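Reproduced below: run.txt, with compact mmCIF, C-alpha atoms.
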# COMPACT_ATOMS: atom_id res chain seq x y z
CA MET A 1 123.03 73.22 102.25
CA MET A 2 123.73 71.67 98.84
CA LYS A 3 127.19 72.34 97.45
CA SER A 4 128.20 73.30 93.97
CA LEU A 5 129.25 70.59 91.53
CA SER A 6 131.71 72.92 89.88
CA SER A 7 134.23 75.47 91.02
CA GLY A 8 134.15 77.21 87.63
CA PRO A 9 132.49 80.50 86.72
CA TYR A 10 128.99 79.01 86.86
CA TYR A 11 127.11 77.71 89.86
CA PHE A 12 125.46 74.28 89.72
CA LEU A 13 123.29 72.72 92.39
CA ALA A 14 124.15 69.19 93.42
CA GLY A 15 120.43 68.43 93.54
CA SER A 16 117.23 69.96 94.85
CA PRO A 17 114.04 68.16 95.92
CA TRP A 18 111.83 71.24 95.59
CA PRO A 19 110.97 71.13 91.86
CA LEU A 20 109.66 67.57 92.22
CA SER A 21 107.89 68.22 95.52
CA CYS A 22 106.25 71.39 94.15
CA SER A 23 105.01 69.39 91.16
CA VAL A 24 103.50 66.81 93.52
CA SER A 25 101.83 69.64 95.45
CA VAL A 26 100.25 70.99 92.26
CA LEU A 27 99.06 67.47 91.42
CA ASN A 28 97.45 67.29 94.88
CA MET A 29 95.67 70.57 94.17
CA LEU A 30 94.19 69.19 90.95
CA LEU A 31 93.22 65.97 92.72
CA GLY A 32 91.55 68.01 95.45
CA VAL A 33 89.49 69.92 92.86
CA TYR A 34 88.46 66.61 91.26
CA LEU A 35 87.37 65.13 94.59
CA LEU A 36 85.47 68.32 95.40
CA LEU A 37 83.59 68.31 92.08
CA LYS A 38 82.77 64.62 92.55
CA GLY A 39 81.35 65.38 95.97
CA ILE A 40 83.69 62.91 97.69
CA THR A 41 85.48 65.32 100.05
CA LYS A 42 86.38 68.99 100.25
CA TRP A 43 89.14 68.70 102.83
CA PHE A 44 91.71 67.23 100.45
CA LEU A 45 91.50 70.49 98.49
CA PHE A 46 93.50 72.28 101.20
CA ALA A 47 96.38 69.78 101.20
CA GLY A 48 97.81 70.91 97.85
CA PRO A 49 98.01 74.66 98.58
CA ILE A 50 99.47 74.06 102.04
CA LEU A 51 102.15 71.75 100.64
CA LEU A 52 102.89 74.19 97.82
CA ILE A 53 103.35 77.08 100.26
CA LEU A 54 105.68 75.02 102.47
CA ASN A 55 107.72 73.87 99.48
CA ALA A 56 107.96 77.41 98.13
CA LEU A 57 109.22 78.69 101.49
CA MET A 58 111.87 75.96 101.65
CA TRP A 59 112.91 76.72 98.07
CA PHE A 60 113.20 80.43 98.89
CA ARG A 61 115.28 79.49 101.93
CA ASP A 62 117.78 77.58 99.80
CA VAL A 63 118.05 80.39 97.26
CA HIS A 64 118.62 82.85 100.09
CA ARG A 65 121.38 80.67 101.53
CA GLU A 66 123.03 80.54 98.11
CA SER A 67 123.03 84.33 97.95
CA LEU A 68 124.57 84.58 101.43
CA ASN A 69 127.29 82.08 100.46
CA GLY A 70 128.24 84.19 97.47
CA ASP A 71 127.12 81.56 94.95
CA GLN A 72 124.99 84.00 92.94
CA GLY A 73 127.07 86.22 90.70
CA LEU A 74 125.95 88.45 87.84
CA TYR A 75 125.47 85.45 85.56
CA GLU A 76 123.18 83.72 88.06
CA GLN A 77 121.22 86.92 88.60
CA GLU A 78 120.60 87.37 84.88
CA THR A 79 119.67 83.69 84.61
CA MET A 80 117.08 84.07 87.38
CA LYS A 81 115.64 87.12 85.65
CA SER A 82 115.36 85.13 82.42
CA GLY A 83 113.72 82.31 84.36
CA MET A 84 111.11 84.66 85.79
CA VAL A 85 110.42 86.08 82.32
CA LEU A 86 109.87 82.57 80.96
CA PHE A 87 107.67 81.70 83.95
CA ILE A 88 105.53 84.80 83.39
CA LEU A 89 105.25 83.98 79.67
CA SER A 90 104.12 80.43 80.45
CA GLU A 91 101.52 81.74 82.90
CA GLY A 92 100.41 84.28 80.31
CA PHE A 93 99.74 81.52 77.78
CA PHE A 94 97.92 79.57 80.49
CA PHE A 95 95.51 82.44 81.06
CA LEU A 96 95.32 83.04 77.31
CA SER A 97 93.93 79.52 76.84
CA LEU A 98 91.27 80.17 79.50
CA PHE A 99 90.33 83.53 77.98
CA TRP A 100 90.15 81.84 74.58
CA GLY A 101 87.56 79.40 75.94
CA PHE A 102 85.61 82.22 77.58
CA PHE A 103 85.45 84.43 74.47
CA TYR A 104 84.62 81.45 72.25
CA ILE A 105 81.46 80.84 74.28
CA PHE A 106 80.84 84.52 75.00
CA ILE A 107 80.75 85.48 71.30
CA SER A 108 78.43 82.65 70.23
CA PRO A 109 76.61 81.28 73.28
CA GLU A 110 73.90 78.64 73.08
CA GLY A 111 71.10 80.87 74.34
CA SER A 112 71.55 83.93 76.54
CA TRP A 113 74.74 85.03 78.25
CA PRO A 114 74.94 84.67 81.15
CA PRO A 115 72.57 81.68 81.11
CA SER A 116 68.98 82.17 82.18
CA GLY A 117 68.60 82.18 85.94
CA VAL A 118 72.24 83.08 86.59
CA HIS A 119 72.81 86.55 88.03
CA ALA A 120 76.28 87.84 87.22
CA VAL A 121 78.33 89.61 89.88
CA ASP A 122 77.87 93.37 89.94
CA PRO A 123 81.14 94.87 88.62
CA LEU A 124 80.59 98.04 90.67
CA GLY A 125 80.59 96.14 93.97
CA ILE A 126 83.37 93.97 95.38
CA PRO A 127 85.15 93.58 92.00
CA LEU A 128 85.60 97.35 91.63
CA LEU A 129 86.96 97.65 95.16
CA GLY A 130 89.34 94.77 94.50
CA THR A 131 90.48 96.40 91.26
CA ILE A 132 91.27 99.68 93.03
CA ILE A 133 93.20 97.86 95.75
CA LEU A 134 95.16 95.72 93.29
CA MET A 135 96.06 98.66 91.05
CA GLY A 136 97.15 100.61 94.11
CA SER A 137 99.33 97.70 95.18
CA SER A 138 101.07 97.80 91.81
CA VAL A 139 102.03 101.43 92.48
CA SER A 140 103.23 100.68 96.01
CA ALA A 141 105.30 97.72 94.76
CA THR A 142 106.98 99.96 92.20
CA MET A 143 107.69 102.56 94.88
CA ALA A 144 109.18 99.90 97.16
CA LEU A 145 111.52 98.77 94.37
CA HIS A 146 112.47 102.39 93.69
CA PHE A 147 113.45 102.99 97.32
CA VAL A 148 115.42 99.73 97.39
CA SER A 149 117.47 101.02 94.45
CA LEU A 150 118.14 104.16 96.52
CA SER A 151 119.07 102.01 99.56
CA ASN A 152 116.29 103.72 101.53
CA MET A 153 115.09 100.66 103.38
CA LYS A 154 112.72 102.52 105.70
CA PHE A 155 110.39 103.66 102.91
CA ALA A 156 110.99 100.45 100.94
CA LYS A 157 109.67 98.37 103.84
CA LEU A 158 106.74 100.75 104.30
CA TYR A 159 105.59 100.46 100.68
CA LEU A 160 106.25 96.73 100.60
CA MET A 161 104.13 96.20 103.73
CA LEU A 162 101.36 98.18 102.02
CA THR A 163 101.64 95.92 98.97
CA VAL A 164 101.46 92.74 101.07
CA LEU A 165 98.45 94.08 102.96
CA SER A 166 96.73 94.96 99.68
CA GLY A 167 97.26 91.45 98.33
CA ALA A 168 95.82 89.92 101.51
CA VAL A 169 92.78 92.23 101.45
CA PHE A 170 92.16 91.46 97.77
CA PHE A 171 92.19 87.72 98.49
CA VAL A 172 89.73 88.13 101.38
CA LEU A 173 87.43 90.18 99.14
CA GLN A 174 87.56 87.46 96.50
CA LEU A 175 86.63 84.82 99.06
CA GLU A 176 83.72 86.99 100.17
CA GLU A 177 82.61 87.29 96.57
CA PHE A 178 82.73 83.52 96.08
CA LEU A 179 80.70 82.90 99.22
CA SER A 180 78.05 85.48 98.33
CA SER A 181 77.64 84.62 94.63
CA SER A 182 74.25 83.32 93.55
CA PHE A 183 75.75 80.72 91.17
CA THR A 184 78.24 77.90 91.51
CA MET A 185 80.83 76.17 89.37
CA ALA A 186 78.16 73.68 88.33
CA ASP A 187 76.03 76.36 86.60
CA GLY A 188 77.07 75.61 83.06
CA ALA A 189 80.00 77.02 81.11
CA PHE A 190 79.55 80.46 82.67
CA GLY A 191 79.94 79.22 86.23
CA SER A 192 82.88 76.96 85.31
CA LEU A 193 84.79 79.65 83.43
CA PHE A 194 84.07 82.31 86.05
CA TYR A 195 85.40 80.28 88.97
CA ILE A 196 88.31 78.78 87.04
CA LEU A 197 89.54 82.16 85.80
CA THR A 198 89.02 84.09 89.01
CA GLY A 199 90.10 81.15 91.16
CA PHE A 200 93.39 80.62 89.36
CA HIS A 201 94.02 84.35 89.48
CA GLY A 202 93.39 84.22 93.22
CA LEU A 203 96.02 81.49 93.54
CA HIS A 204 98.48 83.70 91.67
CA VAL A 205 97.68 86.54 94.07
CA VAL A 206 98.43 84.21 97.00
CA LEU A 207 101.73 83.14 95.42
CA GLY A 208 102.69 86.75 94.70
CA THR A 209 101.80 87.80 98.24
CA ILE A 210 103.96 85.00 99.66
CA MET A 211 106.91 86.14 97.53
CA LEU A 212 106.39 89.75 98.62
CA LEU A 213 106.11 88.67 102.25
CA TYR A 214 109.32 86.69 101.96
CA THR A 215 111.04 89.72 100.41
CA LEU A 216 109.78 91.88 103.28
CA TRP A 217 111.09 89.36 105.82
CA ARG A 218 114.46 89.29 104.06
CA MET A 219 114.54 93.07 103.92
CA ALA A 220 113.83 93.35 107.65
CA LEU A 221 116.46 90.78 108.72
CA PHE A 222 119.13 91.49 106.10
CA PRO A 223 118.74 95.15 105.09
CA GLY A 224 122.31 95.50 103.84
CA GLU A 225 122.06 92.84 101.14
CA MET A 226 118.85 94.27 99.64
CA GLY A 227 120.31 97.68 98.92
CA LYS A 228 122.71 96.84 96.10
CA SER A 229 123.60 93.56 94.41
CA TYR A 230 120.63 91.55 95.75
CA SER A 231 117.86 93.96 94.75
CA TYR A 232 117.35 91.86 91.60
CA SER A 233 115.41 89.29 93.64
CA MET A 234 112.86 91.91 94.59
CA GLU A 235 112.80 93.17 91.02
CA VAL A 236 111.62 89.83 89.61
CA VAL A 237 108.95 89.58 92.33
CA VAL A 238 107.61 93.02 91.35
CA TRP A 239 107.55 91.88 87.70
CA TYR A 240 105.37 88.96 88.71
CA TRP A 241 103.08 91.22 90.75
CA HIS A 242 102.59 93.54 87.76
CA PHE A 243 101.68 90.48 85.68
CA VAL A 244 99.03 89.50 88.24
CA ASP A 245 97.61 93.03 88.09
CA VAL A 246 97.45 93.05 84.28
CA VAL A 247 95.65 89.68 84.23
CA TRP A 248 93.10 91.04 86.69
CA LEU A 249 92.38 94.04 84.45
CA PHE A 250 91.54 91.66 81.59
CA LEU A 251 89.41 89.60 83.98
CA TYR A 252 87.56 92.60 85.31
CA VAL A 253 86.73 93.99 81.87
CA SER A 254 85.80 90.71 80.19
CA ILE A 255 84.32 88.54 82.95
CA TYR A 256 82.55 91.15 85.07
CA TRP A 257 81.66 93.95 82.67
CA GLY A 258 81.29 91.65 79.66
CA SER A 259 78.79 89.45 81.49
CA TRP A 260 76.88 92.16 83.32
As structure tokens:
Amino acid sequence: MMKSLSSGPYYFLAGSPWPLSCSVSVLNMLLGVYLLLKGITKWFLFAGPILLILNALMWFRDVHRESLNGDQGLYEQETMKSGMVLFILSEGFFFLSLFWGFFYIFISPEGSWPPSGVHAVDPLGIPLLGTIILMGSSVSATMALHFVSLSNMKFAKLYLMLTVLSGAVFFVLQLEEFLSSSFTMADGAFGSLFYILTGFHGLHVVLGTIMLLYTLWRMALFPGEMGKSYSYSMEVVVWYWHFVDVVWLFLYVSIYWGSW
């Protein structure tokens, strides 16, 4: 475990490899997409996500150890909340740029929209079911956080398990949709934007599910620390999950209904 550089009121890490290694994992993901589009190999695409998940788990482990060692006071908690807010804002602008590209082409397409020969996904099929599940998971996540604030860990774990299960089911439904779609990423701007927007959202669902699963594991093994001063860690995870839900609502209305 890395020790603090200072014994003052603030906590400083001596050094952490996880920011750099997570960046390398993201680079591997982009390289995997490039190799897939070039038709060179599809197997390298899985290396990036696997490395990112492993790095995230190790990073969570270190943060958890810091909390157990008493290195996270009120200042550190507020700093982590601010960090999550900034992270959500950066992700919001990321999706905003993708939506900007979609609406730019959607408003003034060269020909028909979607392009001739491309059959858009029925919004009343798998997407509607996924929307219901994801919106329900937002409610269950809020309920889990509410019961954590009441130190009722039994119901908190129940609602959190429901949220994790909902995230996993949504991801499986999205994979089924990708496999059954009649168009690919190579079918013009429509295919590219559809898979980029929904695909990146799917990655955010995976990341959010991992964070929720880690919180559930922590709640099951260390129920005492989640009831009071450490509930902030679950709070920021629920913020992120609500962000994922809001992005999906925009996706569902614009991508599915707007192109149907």
Within 7 Å of segment 76-88 of chain A using only C-alpha atoms, minus same-chain residues under 5 positions, as a PyMOL selection string = chain A and resi 232+236+240
key: Distance in Å - atom CA of Ala141 of chain A versus atom CA of Thr163 of chain A   = 5.9 Å
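The shortest atom-to-atom distance to Trp260 of chain A, with all atoms listed in the file taken into account, belongs to A:Trp113 out of A:Tyr214, A:Trp113, A:Phe190, A:Phe178.
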task = Determine the nearest neighbour of Ser138 of chain A from the options A:Leu160, A:Asn152, A:Glu110, A:Gly125, counting all atoms listed in the file.
result =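 Among the listed residues, A:Leu160 lies closest to Ser138 of chain A.
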request  = Please provide the set of residues having any atom within 10 Å of Leu31 of chain A, restricted to all atoms listed in the file, with same-chain residues fewer than 4 positions apart removed, written as a ChimeraX atom specification.
outcome  = /A:25-27,35-37,44-45,47-48
key: For Val238 of chain A, the nearest of the candidates A:Lys42, A:Tyr195, A:Val148, A:Cys22, counting all atoms listed in the file   =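 Smallest separation from Val238 of chain A among the options: A:Val148.
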Who sits within 8 Å of His201 of chain A, all atoms listed in the file, same chain under 5 positions skipped, as a PyMOL selection string = chain A and resi 244+247-248
ask   = Can you tell me how far atom CA of Ser112 of chain A sits from atom CA of Tyr34 of chain A, in Å to one decimal?
value =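 Interatomic distance, atom CA of Ser112 of chain A to atom CA of Tyr34 of chain A: 28.3 Å.
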inquiry  = So the first atom is atom CA of Ser182 of chain A and the second is atom CA of Ser259 of chain A; what is the distance between them in Å, to one decimal place?
reply    =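 Separating atom CA of Ser182 of chain A from atom CA of Ser259 of chain A is a distance of 14.3 Å.
When only C-alpha atoms are used to compute distances to Pro123 of chain A, the closest of the residues A:Glu177, A:Leu216, A:Trp18, A:Asp62 turns out to be A:Glu177.
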key: Exercise: Leu193 of chain A partners within 10 Å, only C-alpha atoms, chain neighbours under 3 positions left out, as a ChimeraX atom specification   = /A:98-99,101-102,105,185,187-190,196-199,255
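Residues surrounding Val237 of chain A within 9 Å are Met84, Gly208, Met211, Leu212, Thr215, Tyr232 and His242 of chain A [all atoms listed in the file; sequence separation below 5 positions excluded].
Taking only C-alpha atoms into account, Met143 of chain A lies nearest to A:Met234 out of the set A:Leu52, A:Leu175, A:Met234, A:Met58.
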query = From the set A:Phe94, A:Phe171, A:Tyr104, A:Trp59, which residue has the shortest atom-to-atom contact distance to Thr131 of chain A, counting all atoms listed in the file?
reply =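 So, comparing all the options, the nearest one is A:Phe171.
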